[in-house]
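Trainee: This is data36.cif (mmCIF, C-alpha atoms).
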```cif
data_entry
loop_
_atom_site.label_atom_id
_atom_site.label_comp_id
_atom_site.auth_asym_id
_atom_site.auth_seq_id
_atom_site.Cartn_x
_atom_site.Cartn_y
_atom_site.Cartn_z
CA MET A 71 -37.92 -35.42 10.23
CA LEU A 72 -40.45 -37.41 8.24
CA PRO A 73 -40.01 -41.18 8.23
CA TRP A 74 -38.19 -42.30 5.10
CA LYS A 75 -41.12 -44.47 4.05
CA ARG A 76 -43.31 -41.38 3.90
CA VAL A 77 -40.65 -39.53 1.93
CA LEU A 78 -39.95 -42.30 -0.57
CA ARG A 79 -43.58 -43.20 -1.23
CA PRO A 80 -44.45 -39.93 -3.00
CA LEU A 81 -41.17 -40.09 -4.93
CA THR A 82 -42.04 -43.54 -6.21
CA ALA A 83 -45.55 -42.40 -7.01
CA LEU A 84 -44.14 -39.39 -8.85
CA LEU A 85 -41.96 -41.60 -11.04
CA LEU A 86 -44.87 -43.87 -11.90
CA THR A 87 -47.16 -40.91 -12.47
CA ALA A 88 -44.62 -39.37 -14.83
CA ALA A 89 -44.62 -42.61 -16.77
CA VAL A 90 -48.40 -42.65 -16.96
CA VAL A 91 -48.86 -39.03 -18.03
CA THR A 92 -46.40 -39.48 -20.88
CA VAL A 93 -48.22 -42.58 -22.12
CA PRO A 94 -50.45 -41.02 -24.84
CA ALA A 95 -47.57 -39.65 -26.89
CA ALA A 96 -45.13 -42.39 -25.98
CA THR A 97 -47.62 -45.17 -26.67
CA ALA A 98 -48.42 -43.72 -30.08
CA ALA A 99 -44.73 -43.46 -30.94
CA HIS A 100 -44.07 -46.96 -29.63
CA ALA A 101 -46.95 -48.38 -31.70
CA ALA A 102 -45.74 -46.55 -34.80
CA ASP A 103 -42.20 -47.82 -34.33
CA THR A 104 -43.44 -51.38 -33.80
CA ALA A 105 -45.51 -51.21 -36.98
CA ALA A 106 -42.49 -49.91 -38.87
CA THR A 107 -40.29 -52.78 -37.74
CA SER A 108 -42.61 -55.43 -39.16
CA SER A 109 -42.13 -54.23 -42.74
CA SER A 110 -38.34 -54.05 -42.55
CA GLY A 111 -37.47 -57.58 -41.44
CA TRP A 112 -37.27 -56.81 -37.72
CA ASN A 113 -40.16 -58.65 -36.05
CA ASP A 114 -41.15 -60.05 -39.44
CA TYR A 115 -42.67 -63.42 -38.61
CA SER A 116 -42.43 -64.51 -42.24
CA CYS A 117 -38.62 -64.25 -42.03
CA LYS A 118 -36.91 -67.60 -42.53
CA PRO A 119 -33.37 -68.07 -41.24
CA SER A 120 -30.73 -68.63 -43.90
CA ALA A 121 -28.13 -71.38 -44.08
CA ALA A 122 -25.52 -68.78 -43.12
CA HIS A 123 -27.53 -67.63 -40.08
CA PRO A 124 -29.80 -70.53 -39.15
CA ARG A 125 -30.95 -69.19 -35.81
CA PRO A 126 -33.26 -66.21 -35.27
CA VAL A 127 -32.02 -63.60 -32.82
CA VAL A 128 -34.29 -62.55 -29.96
CA LEU A 129 -33.42 -59.19 -28.42
CA VAL A 130 -34.26 -58.72 -24.74
CA HIS A 131 -34.49 -55.10 -23.57
CA GLY A 132 -33.41 -53.69 -20.22
CA THR A 133 -35.19 -52.17 -17.24
CA LEU A 134 -37.42 -49.17 -18.05
CA ALA A 135 -36.86 -49.83 -21.76
CA ASN A 136 -39.03 -51.48 -24.39
CA SER A 137 -38.82 -53.72 -27.43
CA VAL A 138 -38.35 -50.86 -29.90
CA ASP A 139 -36.37 -48.04 -28.32
CA ASN A 140 -33.68 -50.32 -26.88
CA TRP A 141 -32.93 -51.77 -30.32
CA LEU A 142 -33.23 -48.94 -32.84
CA ALA A 143 -29.55 -49.36 -33.72
CA LEU A 144 -28.67 -53.00 -33.01
CA ALA A 145 -31.72 -54.59 -34.64
CA PRO A 146 -31.05 -53.03 -38.08
CA TYR A 147 -27.33 -53.76 -37.64
CA LEU A 148 -28.08 -57.47 -37.30
CA GLU A 149 -30.81 -57.45 -39.92
CA ASP A 150 -28.40 -55.91 -42.45
CA ARG A 151 -26.11 -58.87 -41.78
CA GLY A 152 -28.77 -61.38 -42.73
CA TYR A 153 -30.34 -62.31 -39.40
CA CYS A 154 -34.02 -62.76 -38.62
CA VAL A 155 -34.40 -60.40 -35.67
CA PHE A 156 -37.19 -60.28 -33.10
CA SER A 157 -37.90 -58.33 -29.91
CA PHE A 158 -40.69 -58.24 -27.36
CA ASP A 159 -41.88 -56.36 -24.28
CA TYR A 160 -41.80 -57.97 -20.84
CA GLY A 161 -42.19 -57.12 -17.19
CA GLN A 162 -45.03 -54.61 -17.40
CA LEU A 163 -46.56 -53.21 -14.23
CA SER A 164 -50.29 -52.63 -14.22
CA GLY A 165 -51.09 -49.14 -15.45
CA VAL A 166 -47.54 -48.36 -16.59
CA PRO A 167 -47.12 -49.00 -20.33
CA VAL A 168 -44.05 -48.21 -22.46
CA PHE A 169 -41.63 -48.59 -19.52
CA TYR A 170 -41.09 -52.30 -19.00
CA GLY A 171 -38.86 -54.65 -17.02
CA LEU A 172 -40.29 -53.68 -13.62
CA ALA A 173 -42.23 -56.84 -12.72
CA PRO A 174 -40.75 -59.81 -10.82
CA ILE A 175 -37.96 -61.17 -12.96
CA ASP A 176 -38.99 -64.82 -12.68
CA LYS A 177 -42.33 -63.84 -14.23
CA SER A 178 -40.53 -61.93 -16.98
CA ALA A 179 -38.52 -65.08 -17.71
CA GLU A 180 -41.81 -66.91 -18.25
CA GLN A 181 -42.74 -64.30 -20.84
CA LEU A 182 -39.40 -64.86 -22.55
CA SER A 183 -40.09 -68.59 -22.63
CA ALA A 184 -43.44 -68.07 -24.35
CA TYR A 185 -41.93 -65.62 -26.83
CA VAL A 186 -39.07 -67.95 -27.80
CA ASP A 187 -41.64 -70.66 -28.51
CA LYS A 188 -43.54 -68.21 -30.70
CA VAL A 189 -40.41 -67.32 -32.68
CA LEU A 190 -39.38 -70.94 -33.11
CA ALA A 191 -42.86 -71.87 -34.34
CA ALA A 192 -42.90 -69.00 -36.84
CA THR A 193 -39.40 -69.51 -38.22
CA GLY A 194 -39.14 -73.29 -38.06
CA ALA A 195 -35.74 -72.99 -36.38
CA ALA A 196 -34.54 -75.48 -33.78
CA LYS A 197 -32.93 -72.88 -31.52
CA VAL A 198 -32.60 -69.14 -31.07
CA ASP A 199 -29.78 -66.88 -30.00
CA LEU A 200 -30.52 -64.33 -27.27
CA VAL A 201 -28.99 -60.86 -27.02
CA GLY A 202 -29.94 -58.80 -23.98
CA HIS A 203 -29.07 -55.42 -22.51
CA SER A 204 -28.78 -54.88 -18.74
CA GLN A 205 -31.59 -56.87 -17.05
CA GLY A 206 -32.21 -58.35 -20.49
CA GLY A 207 -28.78 -59.96 -20.41
CA MET A 208 -29.32 -61.46 -16.98
CA MET A 209 -33.01 -62.42 -16.93
CA PRO A 210 -32.62 -65.07 -19.70
CA ARG A 211 -30.32 -67.03 -17.41
CA TYR A 212 -33.35 -67.84 -15.26
CA TYR A 213 -35.12 -69.13 -18.37
CA LEU A 214 -32.09 -71.23 -19.28
CA LYS A 215 -31.63 -72.63 -15.78
CA PHE A 216 -35.16 -73.19 -14.51
CA LEU A 217 -37.62 -73.07 -17.42
CA GLY A 218 -36.09 -75.45 -19.94
CA GLY A 219 -34.57 -72.74 -22.10
CA ALA A 220 -31.19 -74.45 -22.50
CA ALA A 221 -32.74 -76.88 -24.99
CA LYS A 222 -33.94 -74.00 -27.17
CA VAL A 223 -31.05 -71.53 -26.96
CA ASN A 224 -27.65 -71.74 -28.63
CA ALA A 225 -26.05 -68.58 -27.26
CA LEU A 226 -26.71 -65.80 -24.78
CA VAL A 227 -24.96 -62.48 -25.33
CA GLY A 228 -25.29 -60.09 -22.39
CA ILE A 229 -24.55 -56.41 -22.94
CA ALA A 230 -23.83 -54.81 -19.54
CA PRO A 231 -25.85 -57.52 -17.74
CA ASP A 232 -26.30 -57.40 -13.97
CA ASN A 233 -25.51 -61.07 -13.56
CA HIS A 234 -24.58 -60.73 -9.90
CA GLY A 235 -26.66 -57.68 -9.17
CA THR A 236 -25.65 -54.09 -8.64
CA ASP A 237 -24.82 -51.97 -5.64
CA LEU A 238 -25.29 -48.73 -7.64
CA ASP A 239 -21.86 -47.47 -6.61
CA GLY A 240 -22.59 -48.41 -3.00
CA PHE A 241 -25.98 -46.70 -2.80
CA THR A 242 -27.87 -49.93 -2.08
CA LYS A 243 -25.68 -50.48 0.97
CA LEU A 244 -27.43 -47.50 2.53
CA LEU A 245 -30.92 -49.03 2.31
CA PRO A 246 -30.77 -50.65 5.77
CA TYR A 247 -30.34 -47.18 7.26
CA PHE A 248 -33.70 -46.05 5.86
CA PRO A 249 -36.43 -48.20 7.44
CA GLY A 250 -39.04 -49.30 4.94
CA ALA A 251 -37.09 -48.24 1.84
CA ALA A 252 -36.25 -51.77 0.71
CA ASP A 253 -39.81 -52.94 1.33
CA LEU A 254 -41.16 -50.02 -0.66
CA ILE A 255 -38.92 -50.81 -3.64
CA SER A 256 -39.93 -54.48 -3.49
CA ALA A 257 -43.62 -53.64 -3.35
CA SER A 258 -43.60 -50.89 -5.98
CA THR A 259 -41.04 -52.18 -8.49
CA PRO A 260 -40.12 -55.79 -7.73
CA GLY A 261 -38.05 -56.02 -10.91
CA LEU A 262 -35.72 -53.40 -9.47
CA ALA A 263 -35.51 -55.08 -6.08
CA ASP A 264 -34.59 -58.38 -7.75
CA GLN A 265 -31.49 -56.73 -9.23
CA ILE A 266 -29.97 -55.53 -5.96
CA VAL A 267 -26.90 -57.43 -4.81
CA GLY A 268 -27.88 -60.21 -2.44
CA SER A 269 -31.56 -60.36 -3.44
CA ALA A 270 -33.40 -63.64 -3.03
CA PHE A 271 -33.84 -63.82 -6.80
CA LEU A 272 -30.11 -63.46 -7.54
CA THR A 273 -29.20 -65.88 -4.76
CA LYS A 274 -31.38 -68.52 -6.37
CA LEU A 275 -30.19 -67.68 -9.90
CA ASN A 276 -26.49 -68.00 -9.10
CA ALA A 277 -26.62 -70.91 -6.68
CA GLY A 278 -24.80 -73.92 -8.08
CA GLY A 279 -22.99 -71.99 -10.80
CA ASP A 280 -23.52 -69.22 -13.32
CA THR A 281 -24.03 -71.30 -16.45
CA VAL A 282 -25.82 -74.36 -17.78
CA PRO A 283 -24.38 -76.91 -20.21
CA GLY A 284 -24.96 -76.52 -23.91
CA VAL A 285 -25.24 -72.72 -24.07
CA HIS A 286 -22.49 -70.36 -25.27
CA TYR A 287 -22.18 -67.27 -23.06
CA THR A 288 -20.71 -63.89 -23.95
CA VAL A 289 -20.62 -60.87 -21.62
CA LEU A 290 -19.76 -57.38 -22.90
CA ALA A 291 -18.93 -54.82 -20.22
CA THR A 292 -17.64 -51.26 -20.08
CA LYS A 293 -15.52 -49.94 -17.25
CA TYR A 294 -17.55 -46.72 -17.40
CA ASP A 295 -20.76 -48.47 -16.36
CA GLU A 296 -22.43 -46.38 -13.68
CA VAL A 297 -25.53 -48.56 -13.26
CA VAL A 298 -24.26 -52.13 -12.88
CA THR A 299 -21.44 -51.71 -10.40
CA PRO A 300 -18.83 -52.87 -9.97
CA TYR A 301 -18.63 -53.67 -13.69
CA SER A 302 -16.68 -56.85 -12.93
CA SER A 303 -19.82 -58.27 -11.30
CA GLN A 304 -21.26 -58.60 -14.78
CA PHE A 305 -18.81 -61.32 -15.75
CA LEU A 306 -19.75 -64.99 -15.56
CA SER A 307 -17.77 -67.97 -14.38
CA GLY A 308 -18.00 -71.40 -15.94
CA PRO A 309 -17.29 -73.33 -19.11
CA ASP A 310 -18.02 -71.79 -22.51
CA VAL A 311 -17.94 -68.22 -21.20
CA HIS A 312 -16.33 -65.30 -23.02
CA ASN A 313 -16.05 -62.20 -20.83
CA VAL A 314 -15.11 -59.02 -22.68
CA LEU A 315 -14.17 -55.58 -21.34
CA LEU A 316 -14.64 -53.26 -24.32
CA GLN A 317 -11.80 -50.98 -23.29
CA ASN A 318 -9.40 -53.90 -23.76
CA LEU A 319 -10.45 -53.90 -27.41
CA CYS A 320 -10.56 -50.14 -27.86
CA ALA A 321 -9.28 -47.85 -25.14
CA LEU A 322 -11.12 -44.94 -26.81
CA ASP A 323 -14.53 -46.50 -26.22
CA LEU A 324 -16.19 -44.27 -23.62
CA SER A 325 -19.64 -45.86 -23.64
CA GLU A 326 -21.40 -46.13 -20.29
CA HIS A 327 -24.28 -48.41 -19.32
CA ALA A 328 -26.93 -47.11 -21.71
CA LEU A 329 -24.80 -46.33 -24.74
CA ILE A 330 -23.09 -49.73 -24.83
CA GLY A 331 -26.46 -51.22 -25.75
CA LEU A 332 -27.99 -48.34 -27.67
CA THR A 333 -25.31 -47.04 -30.02
CA ASP A 334 -21.91 -48.68 -29.49
CA ARG A 335 -20.89 -50.31 -32.79
CA ILE A 336 -17.75 -51.70 -31.19
CA ALA A 337 -20.03 -53.68 -28.88
CA PHE A 338 -22.27 -54.51 -31.86
CA HIS A 339 -19.26 -55.95 -33.70
CA GLU A 340 -18.58 -58.21 -30.73
CA VAL A 341 -22.25 -59.26 -30.70
CA ALA A 342 -22.02 -60.25 -34.36
CA GLY A 343 -18.87 -62.22 -33.67
CA ALA A 344 -20.50 -64.04 -30.77
CA LEU A 345 -23.46 -64.98 -32.95
CA ASP A 346 -21.23 -66.29 -35.74
CA PRO A 347 -17.87 -67.18 -34.19
CA ALA A 348 -16.74 -69.15 -37.24
CA HIS A 349 -16.62 -65.92 -39.25
CA ALA A 350 -15.77 -63.47 -36.47
CA THR A 351 -13.11 -60.85 -37.07
CA ALA A 352 -11.06 -59.02 -34.46
CA THR A 353 -12.79 -56.08 -32.80
CA THR A 354 -10.80 -52.83 -32.74
CA CYS A 355 -11.56 -49.13 -32.59
CA ALA A 356 -12.06 -49.29 -36.36
CA SER A 357 -15.06 -51.57 -35.75
CA ALA A 358 -17.00 -48.41 -34.90
CA LEU A 359 -17.01 -47.70 -38.63
CA SER A 360 -17.97 -51.17 -39.79
#
```
Can the structure in the file be given as structure tokens, please?
Mentor:
Amino acid sequence: MLPWKRVLRPLTALLLTAAVVTVPAATAAHAADTAATSSSGWNDYSCKPSAAHPRPVVLVHGTLANSVDNWLALAPYLEDRGYCVFSFDYGQLSGVPVFYGLAPIDKSAEQLSAYVDKVLAATGAAKVDLVGHSQGGMMPRYYLKFLGGAAKVNALVGIAPDNHGTDLDGFTKLLPYFPGAADLISASTPGLADQIVGSAFLTKLNAGGDTVPGVHYTVLATKYDEVVTPYSSQFLSGPDVHNVLLQNLCALDLSEHALIGLTDRIAFHEVAGALDPAHATATTCASALS
């Protein structure tokens, strides 16, 4: 039998090669989508927050996603409700465009820090609100805790965030049985390795508590999540935390990990409520039609 390192290496290379060979069409589509957002109010740096919504919203995509495709539904949803909405790409590996969130997460948090400063400078706002999907709901916590972000952020809303990592339904527990597999993941896609339960990154992130003072935290989870498992690991502990299981609001909501961030208007209704709690209304199954 071939050593697992020799088996996994071509598989990893195949995944990265597939990303690269799809770049011409995907890059063109991504560029076109980005250009389209700037004329609609999403990523419009001339947008000035209103008195009703004084903080711009920065959307933080998930692993293998990007600043456009992750937010084709939620960005317009928030824009239609009067928010200045912005999104950015982070965590790019050399030679792999379009698919982001694969670089070391602490470095991605530095990119978030720079982008928040850019948005604040453009809008004149004192603080932003952050809404992130998957890694994008967890990575900002590093910015808040270690990079001074707490002074510039009012709220963090995590949609299916891997706050305490994932075991991928127990799959990651098998890694020790395949010599070299964990090292290969760390070397090839460090942003993935950082999200495995027990990683050095997550140990540092969660040491001393999940939250920092002055920031309002909301976590939206679905019990059908097949990527961040167990789903309860997404929830945060600490003051000013609102943990929400969507099925407690609507038992008919069948969204899994991707759909909760891409299309789920019940989750979107909760996001809007977290951003403006003074005017929040109860989320029910009917919120899917709102």
Trainee: Could you tell me, as a short mmCIF file (atom, residue, chain, number, x, y, z; two decimals) with C-alpha atoms, keeping the file's coordinate frame, which residues have any atom at most 12 Å from (-32.5, -57.9, -43.0), counting only C-alpha atoms?
Mentor:
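Result written to point09.cif:
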```cif
data_model
loop_
_atom_site.label_atom_id
_atom_site.label_comp_id
_atom_site.auth_asym_id
_atom_site.auth_seq_id
_atom_site.Cartn_x
_atom_site.Cartn_y
_atom_site.Cartn_z
CA THR A 107 -40.29 -52.78 -37.74
CA SER A 108 -42.61 -55.43 -39.16
CA SER A 109 -42.13 -54.23 -42.74
CA SER A 110 -38.34 -54.05 -42.55
CA GLY A 111 -37.47 -57.58 -41.44
CA TRP A 112 -37.27 -56.81 -37.72
CA ASN A 113 -40.16 -58.65 -36.05
CA ASP A 114 -41.15 -60.05 -39.44
CA SER A 116 -42.43 -64.51 -42.24
CA CYS A 117 -38.62 -64.25 -42.03
CA LYS A 118 -36.91 -67.60 -42.53
CA PRO A 119 -33.37 -68.07 -41.24
CA SER A 120 -30.73 -68.63 -43.90
CA HIS A 123 -27.53 -67.63 -40.08
CA PRO A 126 -33.26 -66.21 -35.27
CA VAL A 127 -32.02 -63.60 -32.82
CA LEU A 144 -28.67 -53.00 -33.01
CA ALA A 145 -31.72 -54.59 -34.64
CA PRO A 146 -31.05 -53.03 -38.08
CA TYR A 147 -27.33 -53.76 -37.64
CA LEU A 148 -28.08 -57.47 -37.30
CA GLU A 149 -30.81 -57.45 -39.92
CA ASP A 150 -28.40 -55.91 -42.45
CA ARG A 151 -26.11 -58.87 -41.78
CA GLY A 152 -28.77 -61.38 -42.73
CA TYR A 153 -30.34 -62.31 -39.40
CA CYS A 154 -34.02 -62.76 -38.62
CA VAL A 155 -34.40 -60.40 -35.67
CA PHE A 156 -37.19 -60.28 -33.10
#
```
Trainee: Residues near A:Gln317, anyone? I mean within 9 Å using all atoms listed in the file, not counting same-chain ones fewer than 6 positions away, as a CSV table (one decimal) with C-alpha atoms, in the coordinates of the input.
Mentor:
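Listed below is the output, result_0.csv:
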```
chain,number,residue,atom,x,y,z
A,291,ALA,CA,-18.9,-54.8,-20.2
A,292,THR,CA,-17.6,-51.3,-20.1
A,293,LYS,CA,-15.5,-49.9,-17.2
A,323,ASP,CA,-14.5,-46.5,-26.2
A,324,LEU,CA,-16.2,-44.3,-23.6
```
Trainee: Could you tell me which of A:Val297, A:Ala143, A:Ala173, A:Leu345 comes closest to A:Val128 if we count only C-alpha atoms?
Mentor: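 With only C-alpha atoms as the atom set, the closest residue is A:Leu345.
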Trainee: Which residue gives the smallest distance to A:Lys197 among A:Asp264, A:Gly165, A:Gly308, A:Gly284, with all atoms listed in the file counted?
Mentor: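 Answer, going by the shortest atom-to-atom distance: A:Gly284.
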Trainee: Using the chain letters and numbering of this document, enumerate as a VMD selection string the residues selected by the PyMOL selection byres ((chain A and resi 302) around 10).
Mentor: chain A and resid 230 232 to 234 291 to 293 295 298 to 301 303 to 306 313 315
Trainee: Around (-33.8, -68.4, -23.9) in the file's own coordinates, what residues are found within 8 Å if you use all atoms listed in the file, given back as a PyMOL selection string?
Mentor: chain A and resi 182-183+186+198-200+210-211+213-214+219-220+222-223+226
Trainee: From the list A:Leu290, A:Ala344, A:Val166, A:Leu217, which residue is nearest A:Asn318 when using all atoms listed in the file?
Mentor: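 Ranking A:Leu290, A:Ala344, A:Val166, A:Leu217 by distance to A:Asn318, first place goes to A:Leu290.
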Trainee: Which residue is closest to A:Leu322? Choose from A:Asn140, A:Ser357, A:Ser307, A:Ser157 and count all atoms listed in the file.
Mentor: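 Distance minimum relative to A:Leu322 lands on A:Ser357.
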Trainee: The PyMOL selection byres ((chain A and resi 335) around 9) on the file shown: which residues, as a PyMOL selection string?
Mentor: chain A and resi 143-144+147+330+332-334+336-340+357-360
Trainee: Within 8 Å of A:Ser204, counting all atoms listed in the file, which residues show up once you throw out same-chain ones fewer than 5 positions away? Write them as a list in words, please.
Mentor: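 With the cut-off at 8 Å, the set is His131, Gly132, Thr133, Gly228, Ile229, Ala230, Pro231, Asp232, Val298 and His327 of chain A.
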Trainee: Given all atoms listed in the file, how would the per-residue table for stretch 152-205 of chain A near stretch 270-278 of chain A read, listing every residue at most 9 Å away with its closest atom pair and distance in Å to one decimal, sorted by chain and number, as a tab-separated table?
Mentor:
```
residue	atom	partner	partner_atom	distance
A:Pro174	CA	A:Phe271	CA	8.9
A:Ile175	CA	A:Phe271	CA	7.9
A:Asp176	CA	A:Phe271	CA	7.9
```
Trainee: Could you save the residues just selected, with C-alpha atoms, as an mmCIF file, in the coordinates of the input?
Mentor:
```
data_model
loop_
_atom_site.group_PDB
_atom_site.id
_atom_site.type_symbol
_atom_site.label_atom_id
_atom_site.label_comp_id
_atom_site.auth_asym_id
_atom_site.auth_seq_id
_atom_site.Cartn_x
_atom_site.Cartn_y
_atom_site.Cartn_z
ATOM 1 C CA PRO A 174 -40.750 -59.810 -10.820
ATOM 2 C CA ILE A 175 -37.960 -61.170 -12.960
ATOM 3 C CA ASP A 176 -38.990 -64.820 -12.680
#
```
Trainee: Can you work out the spacing between atom CA of A:Tyr170 and atom CA of A:Val311 in Å, to one decimal?
Mentor: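 Atom-to-atom, atom CA of A:Tyr170 to atom CA of A:Val311, that is 28.2 Å.
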Trainee: Taking the file as I've supplied it (selection: the PyMOL selection byres ((chain A and resi 287) around 8)), which residues are included? Please answer as a ChimeraX atom specification.
Mentor: /A:225-228,281,285-286,288-289,310-312
Trainee: Could those selected residues go to a file with C-alpha atoms, as a tab-separated table (two decimals), keeping the file's coordinate frame?
Mentor:
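result_25.tsv, written as the output of this step:
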```tsv
chain	number	residue	atom	x	y	z
A	225	ALA	CA	-26.05	-68.58	-27.26
A	226	LEU	CA	-26.71	-65.80	-24.78
A	227	VAL	CA	-24.96	-62.48	-25.33
A	228	GLY	CA	-25.29	-60.09	-22.39
A	281	THR	CA	-24.03	-71.30	-16.45
A	285	VAL	CA	-25.24	-72.72	-24.07
A	286	HIS	CA	-22.49	-70.36	-25.27
A	288	THR	CA	-20.71	-63.89	-23.95
A	289	VAL	CA	-20.62	-60.87	-21.62
A	310	ASP	CA	-18.02	-71.79	-22.51
A	311	VAL	CA	-17.94	-68.22	-21.20
A	312	HIS	CA	-16.33	-65.30	-23.02
```
Trainee: If I take atom CA of A:Tyr294 and atom CA of A:Gly161, how far is one from the other in Å, to one decimal?
Mentor: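 So the answer is 26.7 Å.
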Trainee: For A:Gln265, which residue out of A:Asn136, A:Ala342, A:Ala195, A:Gly206 is the nearest one, using all atoms listed in the file?
Mentor: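 Among A:Asn136, A:Ala342, A:Ala195, A:Gly206, it is A:Gly206 that comes nearest to A:Gln265.
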Trainee: Please indicate the distance in Å from atom CA of A:Phe216 to atom CA of A:Ala263, rounded to one decimal place.
Mentor: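 Separation between atom CA of A:Phe216 and atom CA of A:Ala263: 20.0 Å.
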Trainee: Pick the closest to A:Met209 from A:Ser164, A:Thr354, A:Ser178, A:Ser325: which is it, counting all atoms listed in the file?
Mentor: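 Using all atoms listed in the file, A:Met209 sits closest to A:Ser178.
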